[in-house]
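Report on the following structure.
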Amino acid sequence: MNGDAVLAPAAGPHTERFWRAAKDVVEKIENHAFLEQLLDGSLELEAFQFYIRQDKLYLGEFGKGLATLAGRSTHMGEAEPLIGFSKNTISVEAAMHSSWMEEWGDSYKYGNHGKARNCELYTSYLVKAATTDNFEVAVAAFCPCFWVYFHVGKYLRSVQKAPSPVKYYEQWIKMYAGEEFEKSVTDMLKLVEAAADRVGEEVRQKMEDAFVKACKMEWMFWQMGLEKDYWPL
């Protein structure tokens, strides 16, 4: 599939523009070895465990960033969905991660590590965006975590010939391809579309740049998991 094919439709011309700007990155994500191996069950469990631990740490910072954005919002109808994302959507994902980590128990090699360098990079970028960037630019930076994950979930479902033989991998695909997550994605896209609609072209270009940069960091996050890349020293 080409990155042009939007399995989670844009909310309007601005979000469609952002997606098209990131289409080369999205195509690389679709073909990432981590996701291909997750689909067929060949992904090393330790790589998935490493990724899940880092994603749990990431989600903690992501949720705080959403709450910060909600506090900064000055337009009607924006704060409520952002708060909902931080409390509900993130908590569902984190609960799934926690249940797996509890199941892995003492055999879980990566349980006590802090953030790996790509996790640190991505979360630091989002925290900075949430606290110092223009609000509209910041929500664009937060958008790929919703949109790209849903696209990936739907994409994997579209090419899947049989359930992944590893239960964790199949549950992961099911969550991100599911209707509950889709609603959050749709709401986030509407918010970003409205934000882009009320600003001028200079800010809109910054939104596009932030969106594409965050998409690249999504690719880097899966690469980090595949390589179990913590810190070189």
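Ligands are numbered from 1 in the order shown, residues from 1 within each chain, and chains are lettered A, B, ... in the order they appear in the structure tokens.
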
Please, which residues in stretch 154-220 of chain A fall within 6 Å of stretch 125-144 of chain A when counting only C-alpha atoms, and what is the closest atom pair and distance in Å to one decimal for each, ordered by chain then residue number, as JSON lines?
```
{"residue": "A:Ala195", "atom": "CA", "partner": "A:Glu136", "partner_atom": "CA", "distance": 5.4}
{"residue": "A:Met207", "atom": "CA", "partner": "A:Val137", "partner_atom": "CA", "distance": 4.5}
{"residue": "A:Ala210", "atom": "CA", "partner": "A:Ala141", "partner_atom": "CA", "distance": 4.9}
{"residue": "A:Phe211", "atom": "CA", "partner": "A:Ala141", "partner_atom": "CA", "distance": 4.8}
{"residue": "A:Ala214", "atom": "CA", "partner": "A:Ala141", "partner_atom": "CA", "distance": 5.8}
{"residue": "A:Cys215", "atom": "CA", "partner": "A:Pro144", "partner_atom": "CA", "distance": 5.8}
```

Suppose we keep C-alpha atoms; can you now write the selection as a PDB file, in the first residue's frame?
```pdb
ATOM      1  CA  ALA A 195      -7.085  24.683  14.447  1.00  0.00           C
ATOM      2  CA  MET A 207       1.706  22.726  11.753  1.00  0.00           C
ATOM      3  CA  ALA A 210       5.416  19.528  13.231  1.00  0.00           C
ATOM      4  CA  PHE A 211       3.119  16.792  11.958  1.00  0.00           C
ATOM      5  CA  ALA A 214       6.278  13.581  14.694  1.00  0.00           C
ATOM      6  CA  CYS A 215       5.560  10.977  11.995  1.00  0.00           C
TER       7      CYS A 215
END
```

*Please give the complete set of residues from stretch 16-109 of chain A that DSSP, run on the backbone, assigns to alpha helix (DSSP H), formatted as a count of residues only.*
71

*Skipping near chain neighbours, those fewer than 2 positions away, what residues fall within 10 Å of A:Gly84 using only C-alpha atoms, listed as an NGL selection string?*
:A and (63 or 66-67 or 70 or 79-82 or 86-90 or 184)

*Given only C-alpha atoms as the counted atoms, nearest of A:Met96, A:Cys145, A:Leu39, A:Val166 to A:Ile52*: A:Met96

_Between atom CA of A:Ser164 and atom CA of A:Glu182, distance in Å (one decimal)_ = 21.1 Å

*Which residue gives the smallest distance to A:Tyr230 among A:His75, A:Glu103, A:Trp147, A:Glu120, with only C-alpha atoms counted?*
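Ranking A:His75, A:Glu103, A:Trp147, A:Glu120 by distance to A:Tyr230, first place goes to A:Glu120.
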
*Identify which of the residues A:Asp187, A:Asp55, A:Glu170, A:Glu180 lies closest to A:Ala94, counting only C-alpha atoms when measuring atom-to-atom distances.*
A:Asp55

_Which residues are near A:Val25? Cut-off 12 Å, only C-alpha atoms, ignore same chain within fewer than 4 positions. Put them as number ranges by chain._
A: 2-4, 18-21, 29-32, 144, 148, 211-220

*Considering only C-alpha atoms, state which residue in the set A:Leu59, A:Thr74, A:Ser91, A:Gln49 is at the smallest distance from A:Trp104.*
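Answer, going by the shortest atom-to-atom distance: A:Gln49.
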
*Which is closer to A:Glu179 than all the others in A:Phe150, A:Tyr122, A:Tyr155, A:Phe48, using only C-alpha atoms?*
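For A:Glu179, the nearest of the candidates is A:Phe150.
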
*Quick one: distance from atom CA of A:Ala33 to atom CA of A:Phe221 in Å, one decimal?*
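Computed distance, atom CA of A:Ala33 to atom CA of A:Phe221, equals 12.3 Å.
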
*Measure the distance from atom CA of A:Glu193 to atom CA of A:Ile83 in Å and round it to one decimal.*
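Going from atom CA of A:Glu193 over to atom CA of A:Ile83, I get 18.0 Å.
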